[in-house]
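Peer 1: Coordinates in query03.txt, compact mmCIF, C-alpha atoms, are listed below.
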```
# COMPACT_ATOMS: atom_id res chain seq x y z
CA MET F 169 -46.24 42.74 -92.41
CA ALA F 170 -44.78 39.64 -90.74
CA ARG F 171 -45.64 40.93 -87.29
CA ALA F 172 -49.19 41.85 -88.20
CA SER F 173 -49.87 38.53 -89.90
CA PHE F 174 -48.36 36.66 -86.95
CA ASP F 175 -50.58 38.45 -84.43
CA LEU F 176 -53.66 37.77 -86.50
CA ILE F 177 -52.98 34.16 -87.47
CA GLU F 178 -51.42 32.85 -84.25
CA PRO F 179 -54.67 32.75 -82.19
CA HIS F 180 -56.16 30.33 -84.72
CA ILE F 181 -53.40 27.72 -84.57
CA PRO F 182 -54.95 25.66 -81.74
CA SER F 183 -58.22 25.13 -83.54
CA LEU F 184 -56.49 24.44 -86.88
CA ARG F 185 -54.39 21.80 -85.11
CA ARG F 186 -57.43 20.28 -83.46
CA TYR F 187 -59.32 20.02 -86.72
CA ALA F 188 -56.28 18.57 -88.53
CA LEU F 189 -55.71 16.05 -85.75
CA VAL F 190 -59.26 14.75 -85.83
CA LEU F 191 -59.32 14.76 -89.65
CA LEU F 192 -56.13 12.71 -89.73
CA ARG F 193 -57.43 10.33 -87.10
CA HIS F 194 -55.02 11.43 -84.39
CA ASP F 195 -51.78 11.11 -86.34
CA GLU F 196 -50.04 14.07 -84.67
CA GLN F 197 -47.06 14.24 -87.01
CA ARG F 198 -49.15 14.37 -90.17
CA ALA F 199 -51.67 16.71 -88.57
CA ASP F 200 -48.97 19.25 -87.72
CA ASP F 201 -47.45 18.84 -91.19
CA LEU F 202 -50.85 19.73 -92.59
CA VAL F 203 -51.15 22.77 -90.34
CA GLN F 204 -47.63 23.87 -91.26
CA ASP F 205 -48.44 23.64 -94.97
CA CYS F 206 -51.57 25.63 -94.29
CA LEU F 207 -49.69 28.38 -92.43
CA VAL F 208 -46.94 28.64 -95.03
CA ARG F 209 -49.52 28.85 -97.79
CA ALA F 210 -51.55 31.42 -95.85
CA LEU F 211 -48.48 33.63 -95.47
CA SER F 212 -47.57 33.29 -99.13
CA ARG F 213 -51.10 34.39 -100.02
CA TRP F 214 -51.44 36.99 -97.30
CA HIS F 215 -51.98 39.72 -99.90
CA LEU F 216 -55.05 37.80 -101.13
CA TRP F 217 -56.84 37.93 -97.82
CA ARG F 218 -59.48 40.64 -98.08
CA ARG F 219 -59.73 42.69 -94.90
CA PRO F 220 -61.90 42.84 -92.95
CA GLY F 221 -62.63 39.25 -93.77
CA ASN F 222 -63.29 36.14 -91.81
CA LEU F 223 -59.68 35.11 -91.21
CA ARG F 224 -60.54 31.93 -89.33
CA ALA F 225 -62.76 30.65 -92.14
CA TRP F 226 -60.10 31.65 -94.69
CA LEU F 227 -57.45 29.63 -92.84
CA PHE F 228 -59.76 26.63 -92.57
CA THR F 229 -60.47 26.89 -96.30
CA ILE F 230 -56.74 26.70 -97.06
CA LEU F 231 -56.32 23.75 -94.72
CA HIS F 232 -59.35 22.02 -96.20
CA ASN F 233 -58.02 22.41 -99.74
CA ILE F 234 -54.60 21.05 -98.86
CA TYR F 235 -56.21 18.15 -97.06
CA VAL F 236 -58.55 17.30 -99.92
CA ASN F 237 -56.00 17.77 -102.70
CA ASP F 238 -52.80 16.47 -101.19
CA VAL F 239 -53.34 14.57 -98.01
CA ALA F 240 -56.53 12.59 -98.30
CA ARG F 241 -55.77 11.61 -101.88
CA ALA F 242 -52.29 10.38 -101.09
CA ALA F 243 -53.13 8.41 -98.00
CA ALA F 244 -54.86 5.13 -98.00
CA ARG F 245 -57.40 5.14 -95.23
CA PRO F 246 -55.68 3.89 -92.09
CA ASP F 247 -57.05 1.20 -89.86
CA VAL F 248 -59.48 2.28 -87.24
CA VAL F 249 -57.49 3.60 -84.31
CA GLU F 250 -58.07 2.80 -80.69
CA ILE F 251 -59.63 6.04 -79.62
CA GLN F 252 -58.99 5.56 -75.88
CA ASP F 253 -55.25 5.67 -76.47
CA TYR F 254 -55.50 9.24 -77.63
CA PHE F 255 -58.16 10.52 -75.30
CA PRO F 256 -57.48 9.13 -71.85
CA ALA F 257 -59.88 11.71 -70.43
CA MET F 258 -62.63 10.18 -72.48
CA ALA F 259 -62.83 6.97 -70.53
CA VAL F 260 -66.34 7.72 -69.36
CA PRO F 261 -67.38 5.88 -66.16
CA PRO F 262 -69.44 2.88 -67.23
CA ASN F 263 -72.35 3.74 -64.99
CA GLN F 264 -72.94 7.05 -66.70
CA ALA F 265 -75.88 5.77 -68.68
CA ASP F 266 -77.84 8.98 -68.94
CA ARG F 267 -75.67 10.38 -71.67
CA ILE F 268 -74.28 9.07 -74.90
CA GLN F 269 -70.80 7.72 -74.41
CA LEU F 270 -68.24 10.06 -75.90
CA ARG F 271 -66.10 7.26 -77.17
CA GLU F 272 -68.92 5.75 -79.18
CA VAL F 273 -69.77 9.07 -80.76
CA VAL F 274 -66.14 9.73 -81.66
CA THR F 275 -65.70 6.25 -83.11
CA ALA F 276 -68.89 6.65 -85.12
CA ILE F 277 -67.76 10.03 -86.48
CA GLN F 278 -64.42 8.57 -87.55
CA GLY F 279 -66.30 5.94 -89.50
CA LEU F 280 -68.25 8.48 -91.59
CA PRO F 281 -67.48 9.21 -95.24
CA ASP F 282 -64.96 12.06 -95.43
CA GLU F 283 -67.34 14.78 -96.68
CA GLN F 284 -69.87 14.07 -93.96
CA ARG F 285 -67.16 13.91 -91.32
CA GLN F 286 -65.68 17.27 -92.37
CA THR F 287 -69.10 18.93 -92.41
CA LEU F 288 -70.12 17.58 -89.03
CA LEU F 289 -66.80 18.58 -87.43
CA LEU F 290 -66.80 22.08 -88.89
CA VAL F 291 -70.36 22.73 -87.71
CA THR F 292 -70.22 21.11 -84.27
CA MET F 293 -66.60 20.94 -83.13
CA GLU F 294 -65.55 24.24 -84.70
CA GLY F 295 -68.89 26.04 -84.49
CA PHE F 296 -68.84 27.41 -88.05
CA SER F 297 -72.11 28.67 -89.50
CA TYR F 298 -73.69 26.76 -92.40
CA ASP F 299 -72.61 29.53 -94.79
CA GLU F 300 -69.02 29.43 -93.57
CA THR F 301 -68.98 25.64 -93.80
CA ALA F 302 -70.26 25.86 -97.38
CA ASP F 303 -67.46 28.31 -98.23
CA ILE F 304 -64.77 26.25 -96.54
CA THR F 305 -65.76 22.99 -98.21
CA GLY F 306 -66.61 24.65 -101.53
CA VAL F 307 -70.14 23.29 -101.87
CA PRO F 308 -73.63 24.87 -101.87
CA ILE F 309 -75.33 25.29 -98.52
CA GLY F 310 -77.96 22.69 -99.44
CA THR F 311 -75.18 20.13 -99.70
CA VAL F 312 -73.89 21.14 -96.27
CA MET F 313 -77.36 20.62 -94.79
CA SER F 314 -77.89 17.22 -96.35
CA ARG F 315 -74.40 16.04 -95.37
CA LEU F 316 -75.03 17.21 -91.82
CA SER F 317 -78.37 15.45 -91.61
CA ARG F 318 -77.00 12.19 -93.03
CA ALA F 319 -73.94 12.33 -90.78
CA ARG F 320 -76.04 12.77 -87.67
CA ASP F 321 -78.41 9.98 -88.58
CA LYS F 322 -75.50 7.64 -89.25
CA VAL F 323 -73.80 8.46 -85.96
CA ARG F 324 -77.10 8.01 -84.19
CA GLY F 325 -77.52 4.60 -85.83
CA SER F 326 -74.01 3.41 -84.91
CA VAL F 327 -74.27 4.62 -81.34
CA ALA F 328 -77.60 2.83 -80.91
CA GLU F 329 -76.10 -0.37 -82.31
CA ASP F 330 -72.94 -0.28 -80.24
CA ALA F 331 -74.44 0.89 -76.98
CA PRO F 332 -74.40 -1.59 -74.11
CA PRO F 333 -77.93 -2.77 -73.26
CA ARG F 334 -78.33 -0.42 -70.30
CA GLY F 335 -77.55 2.55 -72.49
CA ARG F 336 -80.13 1.68 -75.09
CA ARG F 337 -83.23 3.77 -75.27
CA VAL F 338 -86.32 1.92 -74.09
CA THR F 339 -89.01 2.24 -76.72
CA MET R 51 -103.45 21.48 -82.13
CA ASN R 52 -100.31 20.79 -84.08
CA ASP R 53 -102.09 21.20 -87.38
CA VAL R 54 -101.62 24.94 -87.05
CA VAL R 55 -97.87 24.47 -87.33
CA ASN R 56 -96.30 23.35 -90.57
CA SER R 57 -94.17 20.28 -90.08
CA PRO R 58 -90.57 21.48 -89.91
CA LEU R 59 -88.16 21.03 -92.78
CA GLU R 60 -85.12 18.84 -92.22
CA ASN R 61 -82.97 22.00 -92.40
CA GLU R 62 -84.93 23.45 -89.53
CA ILE R 63 -84.43 20.32 -87.46
CA GLN R 64 -80.66 20.59 -87.98
CA ALA R 65 -80.72 24.31 -87.16
CA LEU R 66 -82.65 23.55 -83.97
CA VAL R 67 -79.97 21.06 -82.90
CA ASP R 68 -77.27 23.66 -83.60
CA GLY R 69 -79.12 26.45 -81.78
CA ARG R 70 -79.36 28.35 -85.07
CA LEU R 71 -83.11 28.37 -85.55
CA ASP R 72 -84.83 31.73 -85.36
CA PRO R 73 -86.54 32.01 -81.92
CA ALA R 74 -90.12 32.43 -83.15
CA ARG R 75 -89.86 29.44 -85.44
CA ARG R 76 -88.14 27.49 -82.71
CA VAL R 77 -91.19 27.75 -80.46
CA GLU R 78 -93.36 26.40 -83.29
CA VAL R 79 -91.01 23.53 -84.07
CA GLU R 80 -90.77 22.55 -80.40
CA ALA R 81 -94.56 22.52 -80.18
CA TRP R 82 -94.67 20.27 -83.24
CA LEU R 83 -92.05 17.96 -81.72
CA ALA R 84 -94.13 17.63 -78.54
CA ALA R 85 -96.74 15.91 -80.67
CA HIS R 86 -94.24 13.78 -82.64
CA PRO R 87 -92.29 11.65 -80.15
CA ASP R 88 -90.21 9.74 -82.73
CA GLU R 89 -88.86 12.90 -84.27
CA ALA R 90 -88.42 14.40 -80.80
CA ALA R 91 -86.28 11.41 -79.78
CA ARG R 92 -84.17 11.93 -82.89
CA VAL R 93 -83.63 15.60 -82.03
CA ARG R 94 -82.67 14.65 -78.45
CA ASP R 95 -80.12 12.12 -79.70
CA MET R 96 -78.65 14.56 -82.17
CA SER R 97 -78.38 17.24 -79.49
CA ALA R 98 -76.64 14.78 -77.18
CA GLN R 99 -74.28 13.93 -80.04
CA ARG R 100 -73.47 17.61 -80.47
CA ALA R 101 -72.71 18.00 -76.79
CA ALA R 102 -70.57 14.85 -76.87
CA VAL R 103 -68.49 16.22 -79.75
CA GLU R 104 -67.91 19.48 -77.90
CA ASP R 105 -66.82 17.61 -74.75
CA ALA R 106 -64.70 15.03 -76.52
CA PHE R 107 -62.55 17.49 -78.44
CA SER R 108 -62.43 20.62 -76.30
CA GLY R 109 -59.29 19.39 -74.50
CA LEU R 110 -57.41 19.38 -77.81
CA LEU R 111 -57.34 23.18 -77.84
CA ASP R 112 -55.03 23.36 -74.85
CA ARG R 113 -52.04 21.59 -76.36
CA PRO R 114 -48.92 23.80 -76.48
CA VAL R 115 -48.15 24.98 -80.01
CA PRO R 116 -44.95 23.40 -81.37
CA ALA R 117 -42.11 25.79 -82.19
CA ARG R 118 -42.08 24.82 -85.87
CA LEU R 119 -45.63 26.07 -86.29
CA ARG R 120 -44.86 29.36 -84.59
CA SER R 121 -41.86 29.73 -86.88
CA ALA R 122 -44.07 29.02 -89.88
CA VAL R 123 -46.34 31.92 -88.97
CA GLU R 124 -43.40 34.18 -88.37
CA GLY R 125 -42.35 33.50 -91.95
CA ARG R 126 -39.09 31.93 -90.80
CA VAL R 127 -40.01 28.61 -92.39
CA GLN R 128 -40.11 29.01 -96.13
CA THR R 129 -40.40 25.33 -96.68
CA ALA R 130 -43.52 23.40 -95.92
CA PRO R 131 -43.27 19.64 -95.39
CA VAL R 132 -44.38 18.89 -98.92
CA TRP R 133 -41.42 20.89 -100.17
CA ARG R 134 -39.06 19.52 -97.59
CA MET R 135 -39.52 16.14 -99.18
CA ALA R 136 -38.30 17.47 -102.51
CA ALA R 137 -35.26 18.93 -100.78
CA MET R 138 -34.48 15.56 -99.23
CA VAL R 139 -34.59 13.86 -102.60
CA ALA R 140 -32.20 16.52 -103.83
CA LEU R 141 -29.83 15.89 -100.92
CA VAL R 142 -29.60 12.23 -101.80
CA VAL R 143 -28.63 13.23 -105.32
CA VAL R 144 -26.08 15.65 -103.85
CA GLY R 145 -24.63 12.92 -101.69
CA ALA R 146 -24.09 10.72 -104.71
CA ALA R 147 -22.74 13.56 -106.81
CA GLY R 148 -20.35 14.59 -104.03
CA GLY R 149 -18.46 11.36 -104.44
CA TRP R 150 -17.93 11.88 -108.13
CA PHE R 151 -16.97 15.51 -108.30
CA ALA R 152 -13.83 16.58 -106.53
CA ASN R 153 -14.42 20.15 -107.62
CA GLU R 154 -16.36 21.75 -104.81
CA THR R 155 -17.80 24.49 -106.94
CA LEU R 156 -19.12 22.00 -109.38
CA THR R 157 -20.67 20.04 -106.53
CA ALA R 158 -22.35 23.14 -105.21
CA HIS R 159 -23.76 23.83 -108.65
CA THR R 160 -24.88 20.26 -109.07
CA SER R 161 -26.68 20.24 -105.75
CA ALA R 162 -28.35 23.57 -106.39
CA THR R 163 -29.45 22.37 -109.79
CA ALA R 164 -30.78 19.10 -108.44
CA MET R 165 -32.75 21.12 -105.95
CA LEU R 166 -33.96 23.46 -108.65
CA THR R 167 -35.23 20.75 -110.96
CA ASN R 168 -36.68 18.82 -108.03
CA ASP R 169 -38.59 21.86 -106.86
CA ALA R 170 -39.83 22.51 -110.37
CA LEU R 171 -40.89 18.91 -111.01
CA ARG R 172 -42.54 18.68 -107.65
CA ALA R 173 -44.41 21.94 -108.11
CA HIS R 174 -45.45 20.79 -111.57
CA SER R 175 -46.86 17.49 -110.31
CA LEU R 176 -48.59 19.16 -107.40
CA PHE R 177 -50.48 21.77 -109.36
CA VAL R 178 -51.14 20.42 -112.86
CA ARG R 179 -53.73 18.00 -111.51
CA GLU R 180 -55.70 20.83 -109.89
CA LYS R 181 -58.85 22.00 -111.59
CA ARG R 182 -60.09 24.87 -109.47
CA HIS R 183 -56.85 25.84 -107.77
CA ALA R 184 -54.30 25.20 -110.49
CA VAL R 185 -53.12 28.80 -110.30
CA GLU R 186 -53.31 31.61 -107.78
CA VAL R 187 -53.87 34.32 -110.36
CA THR R 188 -55.53 33.46 -113.66
CA ALA R 189 -54.63 34.55 -117.17
CA GLN R 190 -57.56 37.01 -117.09
CA GLU R 191 -55.37 39.13 -114.83
CA GLU R 192 -52.18 38.55 -116.77
CA ALA R 193 -50.83 42.08 -116.32
CA HIS R 194 -51.35 41.94 -112.58
CA LEU R 195 -49.84 38.44 -112.44
CA VAL R 196 -46.68 39.49 -114.27
CA THR R 197 -46.26 42.68 -112.22
CA TRP R 198 -46.75 40.81 -108.98
CA LEU R 199 -44.33 37.96 -109.78
CA SER R 200 -41.75 40.38 -111.19
CA ARG R 201 -41.84 42.39 -107.98
CA ARG R 202 -41.48 39.29 -105.81
CA LEU R 203 -38.61 37.87 -107.86
CA GLN R 204 -37.06 41.32 -108.29
CA ALA R 205 -36.66 40.73 -111.99
CA GLU R 206 -38.49 41.67 -115.11
CA LEU R 207 -40.61 38.65 -116.00
CA VAL R 208 -42.93 38.05 -118.91
CA ALA R 209 -45.55 35.35 -119.29
CA PRO R 210 -44.33 33.92 -122.59
CA ASN R 211 -46.91 33.60 -125.34
CA LEU R 212 -46.96 29.96 -126.47
CA GLU R 213 -50.12 30.10 -128.57
CA ASN R 214 -48.24 29.35 -131.78
CA GLU R 215 -47.18 26.12 -130.09
CA GLY R 216 -50.78 25.37 -129.13
CA TYR R 217 -50.52 26.25 -125.44
CA ARG R 218 -52.61 28.92 -123.75
CA LEU R 219 -51.67 30.62 -120.46
CA VAL R 220 -53.74 29.37 -117.51
CA GLY R 221 -52.15 31.67 -114.93
CA GLY R 222 -49.45 31.54 -112.32
CA ARG R 223 -48.47 31.39 -108.70
CA ILE R 224 -45.67 32.10 -106.27
CA LEU R 225 -43.83 29.28 -104.51
CA PRO R 226 -41.13 28.89 -101.88
CA ALA R 227 -37.83 27.80 -103.48
CA SER R 228 -35.42 25.59 -101.56
CA ASP R 229 -32.28 27.57 -102.05
CA ALA R 230 -33.48 31.04 -102.94
CA GLY R 231 -36.30 33.42 -102.20
CA PRO R 232 -39.59 32.99 -103.95
CA ALA R 233 -40.06 31.15 -107.22
CA ALA R 234 -42.67 31.84 -109.89
CA GLN R 235 -44.68 29.28 -111.78
CA PHE R 236 -46.62 29.91 -114.99
CA MET R 237 -48.97 27.21 -116.24
CA TYR R 238 -50.05 26.60 -119.84
CA GLU R 239 -52.44 24.13 -121.37
CA THR R 240 -53.59 22.81 -124.73
CA PRO R 241 -57.28 22.67 -125.68
CA ASP R 242 -57.07 18.99 -124.66
CA GLY R 243 -55.93 19.92 -121.16
CA GLU R 244 -52.29 18.84 -121.57
CA ARG R 245 -50.33 21.10 -119.24
CA VAL R 246 -46.79 22.39 -118.98
CA THR R 247 -45.33 24.67 -116.32
CA LEU R 248 -42.55 27.21 -116.42
CA TYR R 249 -40.72 27.56 -113.11
CA ILE R 250 -38.49 30.58 -112.57
CA GLU R 251 -36.22 31.61 -109.74
CA GLN R 252 -33.23 33.84 -109.08
CA ASP R 253 -29.90 32.16 -109.69
CA THR R 254 -28.24 32.53 -106.31
CA VAL R 255 -25.30 30.19 -106.91
CA GLY R 256 -23.83 31.57 -110.12
CA ARG R 257 -24.62 28.70 -112.48
CA GLU R 258 -23.13 28.67 -115.94
CA VAL R 259 -25.31 29.60 -118.83
CA GLY R 260 -26.63 26.41 -120.30
CA PHE R 261 -29.54 24.52 -121.67
CA ARG R 262 -30.07 21.06 -120.20
CA PHE R 263 -32.57 18.28 -120.24
CA THR R 264 -33.64 15.97 -117.44
CA GLU R 265 -36.24 13.27 -117.09
CA HIS R 266 -37.94 11.92 -114.02
CA ASP R 267 -40.95 9.74 -113.44
CA GLY R 268 -42.56 10.23 -116.85
CA LEU R 269 -41.94 13.98 -116.80
CA SER R 270 -39.46 15.84 -118.93
CA ALA R 271 -37.86 19.12 -118.01
CA PHE R 272 -35.60 21.57 -119.81
CA TRP R 273 -33.74 23.98 -117.61
CA TRP R 274 -31.52 26.88 -118.53
CA LYS R 275 -30.00 30.00 -117.13
CA ASP R 276 -30.40 33.36 -118.77
CA GLY R 277 -29.28 36.58 -117.10
CA PRO R 278 -29.99 36.54 -113.37
CA LEU R 279 -32.71 33.91 -113.60
CA VAL R 280 -32.96 30.15 -113.99
CA TYR R 281 -35.88 28.54 -115.80
CA VAL R 282 -37.33 25.04 -115.78
CA LEU R 283 -39.98 24.04 -118.30
CA THR R 284 -41.70 20.82 -117.26
CA GLY R 285 -44.31 18.62 -118.88
CA ALA R 286 -45.35 15.13 -119.84
CA ALA R 287 -45.21 16.09 -123.53
CA PRO R 288 -42.68 14.37 -125.84
CA ARG R 289 -39.16 15.72 -125.62
CA GLU R 290 -39.25 17.35 -129.10
CA GLU R 291 -42.47 19.20 -128.33
CA LEU R 292 -41.14 20.39 -124.99
CA LEU R 293 -37.93 21.51 -126.67
CA GLY R 294 -39.97 23.66 -129.06
CA LEU R 295 -41.79 25.22 -126.13
CA ALA R 296 -38.54 25.81 -124.25
CA ARG R 297 -36.99 27.53 -127.29
CA ALA R 298 -40.04 29.73 -127.78
CA THR R 299 -39.95 30.62 -124.09
CA LYS R 300 -36.25 31.37 -124.07
CA ALA R 301 -36.60 33.62 -127.10
CA GLN R 302 -39.21 35.76 -125.36
CA PHE R 303 -37.03 36.28 -122.30
CA ALA R 304 -34.04 37.39 -124.40
CA SER R 305 -32.00 39.51 -122.02
```
As structure tokens, how would this structure be written, given the file I've shared?
Peer 2:
Amino acid sequence: MARASFDLIEPHIPSLRRYALVLLRHDEQRADDLVQDCLVRALSRWHLWRRPGNLRAWLFTILHNIYVNDVARAAARPDVVEIQDYFPAMAVPPNQADRIQLREVVTAIQGLPDEQRQTLLLVTMEGFSYDETADITGVPIGTVMSRLSRARDKVRGSVAEDAPPRGRRVT
Amino acid sequence: MNDVVNSPLENEIQALVDGRLDPARRVEVEAWLAAHPDEAARVRDMSAQRAAVEDAFSGLLDRPVPARLRSAVEGRVQTAPVWRMAAMVALVVVGAAGGWFANETLTAHTSATAMLTNDALRAHSLFVREKRHAVEVTAQEEAHLVTWLSRRLQAELVAPNLENEGYRLVGGRILPASDAGPAAQFMYETPDGERVTLYIEQDTVGREVGFRFTEHDGLSAFWWKDGPLVYVLTGAAPREELLGLARATKAQFAS
């Protein structure tokens, strides 16, 4: 059993770690603690996973529940982090005005309310379907859609506000 | 021209951005957008946002996986960080106790018991506040729950009936214990939602039969050993009430 579960779960660790890292605003230690809790819990509930099921969505559901119940509740929201420190590759050349600056988008996402942030990340960063996102976050699909729409409008608003003049859309 | 096409719903706009809109409808929505520049600009911005998110975070998938996470999937780590913390608290207690007890056996028992009650208290605090996920298997499947936990603990368990004491079984779950294999937890609640948990694990250190009380952080716990198992009953209820529950529980496990 251990071998089979390892082979099936192991390919999903990188995306679980990525999601945890962004959720926890780039605190690597806490992000990996969260993933470790998720993996231990997944193994202890391995018999509950219904094959052939969507293992990736199941793992994200476990991680989401631990985050919502144990992590987010316990932690006071940290100060806004300097995003460049964690993503050196994201220092976009200043003359690249034809596209939205990555850093501004990331900063805007990290400023969203938690539910909107989770929804946006699951749909865009992780590529989950709306149905899967509804299952993972435990809400109806209508709630997923409205969170997504509000999140995108908010990010759009913050990016427009923060953009240097040359990046601003001429209307 | 655009009157032929219904104005798209907000859901359809989002689906367009995510490339999840059905192709026929997509053609219609794009035609509608061509005649509505403000909404078209919004869709362009949201699409750019989506692309930015993909770019910004794709590099995070290439980080090497730390050994502790690989071990966790291999089942070699029984203890998740949340439990590790409980073990550390226990070790501090052990350290203090070690100075007082010259008898090594007694020290070993003390440390194991500190770990046991810590695990039980911690598991209690963690799960009693849950609404939807308080238990893994609910009381509706009591027979399955008891069979499953008995098999995992390799002992004949029962879910004690505490209805005379005003507590109804909610269900149970399996947990990693610090010093043994798996532990079982049964949860009970009153009609008012007051909860107690019964934590059970194999006694791996040969504790003496006993019936003890401990208090920590507003929670009370009775623990005892009976046959091959050790039990911890934890709750925020007054000591006398908890004692009644513990006695009723102990009676039903008579070995």
Peer 1: Can you check which parts of chain R lie within 6 Å of chain F? Per residue, the shortest pair of atoms and distance in Å to one decimal, counting all atoms listed in the file, sorted by chain and number, as a Markdown table.
Peer 2:
```
| residue | atom | partner | partner_atom | distance |
| --- | --- | --- | --- | --- |
| R:Ala102 | CA | F:Leu270 | CA | 5.4 |
| R:Glu104 | CA | F:Met293 | CA | 5.6 |
| R:Leu110 | CA | F:Arg186 | CA | 5.7 |
| R:Leu111 | CA | F:Pro182 | CA | 5.2 |
| R:Leu119 | CA | F:Gln204 | CA | 5.8 |
| R:Ala122 | CA | F:Val208 | CA | 5.9 |
| R:Val123 | CA | F:Phe174 | CA | 5.5 |
| R:Glu124 | CA | F:Phe174 | CA | 5.7 |
| R:Ala130 | CA | F:Asp205 | CA | 5.0 |
| R:Pro131 | CA | F:Asp201 | CA | 6.0 |
```
Peer 1: Which polymer residues have any atom within 10 Å of an atom of Val93 in chain R, counting all atoms listed in the file, with same-chain residues fewer than 5 positions away left out, as a PyMOL selection string?
Peer 2: (chain F and resi 320) or (chain R and resi 63-64+66-67+83+87-88+98-99)
Peer 1: Give me, please, the distance in Å between CA of Arg202 in chain R and CA of Pro232 in chain R, quoted to one decimal.
Peer 2: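 Separating CA of Arg202 in chain R from CA of Pro232 in chain R is a distance of 6.8 Å.
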Peer 1: Please list as a PDB file with C-alpha atoms, in the frame of the given file every residue within 8 Å of range 281-297 of chain R, counting all atoms listed in the file and excluding residues in the same chain fewer than 6 positions away.
Peer 2:
```pdb
ATOM      1  CA  THR R 167     -35.230  20.750-110.960  1.00  0.00           C
ATOM      2  CA  ALA R 170     -39.830  22.510-110.370  1.00  0.00           C
ATOM      3  CA  LEU R 171     -40.890  18.910-111.010  1.00  0.00           C
ATOM      4  CA  HIS R 174     -45.450  20.790-111.570  1.00  0.00           C
ATOM      5  CA  LEU R 212     -46.960  29.960-126.470  1.00  0.00           C
ATOM      6  CA  GLU R 215     -47.180  26.120-130.090  1.00  0.00           C
ATOM      7  CA  GLU R 244     -52.290  18.840-121.570  1.00  0.00           C
ATOM      8  CA  ARG R 245     -50.330  21.100-119.240  1.00  0.00           C
ATOM      9  CA  VAL R 246     -46.790  22.390-118.980  1.00  0.00           C
ATOM     10  CA  THR R 247     -45.330  24.670-116.320  1.00  0.00           C
ATOM     11  CA  LEU R 248     -42.550  27.210-116.420  1.00  0.00           C
ATOM     12  CA  TYR R 249     -40.720  27.560-113.110  1.00  0.00           C
ATOM     13  CA  ILE R 250     -38.490  30.580-112.570  1.00  0.00           C
ATOM     14  CA  GLU R 251     -36.220  31.610-109.740  1.00  0.00           C
ATOM     15  CA  GLY R 268     -42.560  10.230-116.850  1.00  0.00           C
ATOM     16  CA  LEU R 269     -41.940  13.980-116.800  1.00  0.00           C
ATOM     17  CA  SER R 270     -39.460  15.840-118.930  1.00  0.00           C
ATOM     18  CA  ALA R 271     -37.860  19.120-118.010  1.00  0.00           C
ATOM     19  CA  PHE R 272     -35.600  21.570-119.810  1.00  0.00           C
ATOM     20  CA  TRP R 273     -33.740  23.980-117.610  1.00  0.00           C
ATOM     21  CA  TRP R 274     -31.520  26.880-118.530  1.00  0.00           C
ATOM     22  CA  LYS R 275     -30.000  30.000-117.130  1.00  0.00           C
TER      23      LYS R 275
END
```
Peer 1: Box along x, y and z, 8 Å on every side, all listed atoms of range 292-303 of chain F inside: centre and edge lengths in Å to one decimal, as JSON.
Peer 2:
```
{"center_x": -69.6, "center_y": 25.2, "center_z": -90.7, "size_x": 24.1, "size_y": 24.6, "size_z": 31.1}
```
Peer 1: Pick from R:Glu180, R:Thr240, R:Pro210, R:Trp198: nearest to Ile234 in chain F, with all atoms listed in the file counted?
Peer 2: R:Glu180
Peer 1: Can you work out the spacing between CA of Ser175 in chain R and CA of Phe228 in chain F in Å, to one decimal?
Peer 2: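 Interatomic distance, CA of Ser175 in chain R to CA of Phe228 in chain F: 23.8 Å.
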Peer 1: Please indicate the distance in Å from CA of Thr197 in chain R to CA of Pro220 in chain F, rounded to one decimal place.
Peer 2: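 We find that CA of Thr197 in chain R and CA of Pro220 in chain F lie 24.8 Å from each other.
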Peer 1: Leaving out Gln286 in chain F and any residue of its chain fewer than 4 positions from it, which residues lie within 9 Å of it when counting only C-alpha atoms, given as a list in words?
Peer 2: Tyr187, Leu191, His232, Pro281, Asp282, Leu290, Val291 and Thr305 of chain F
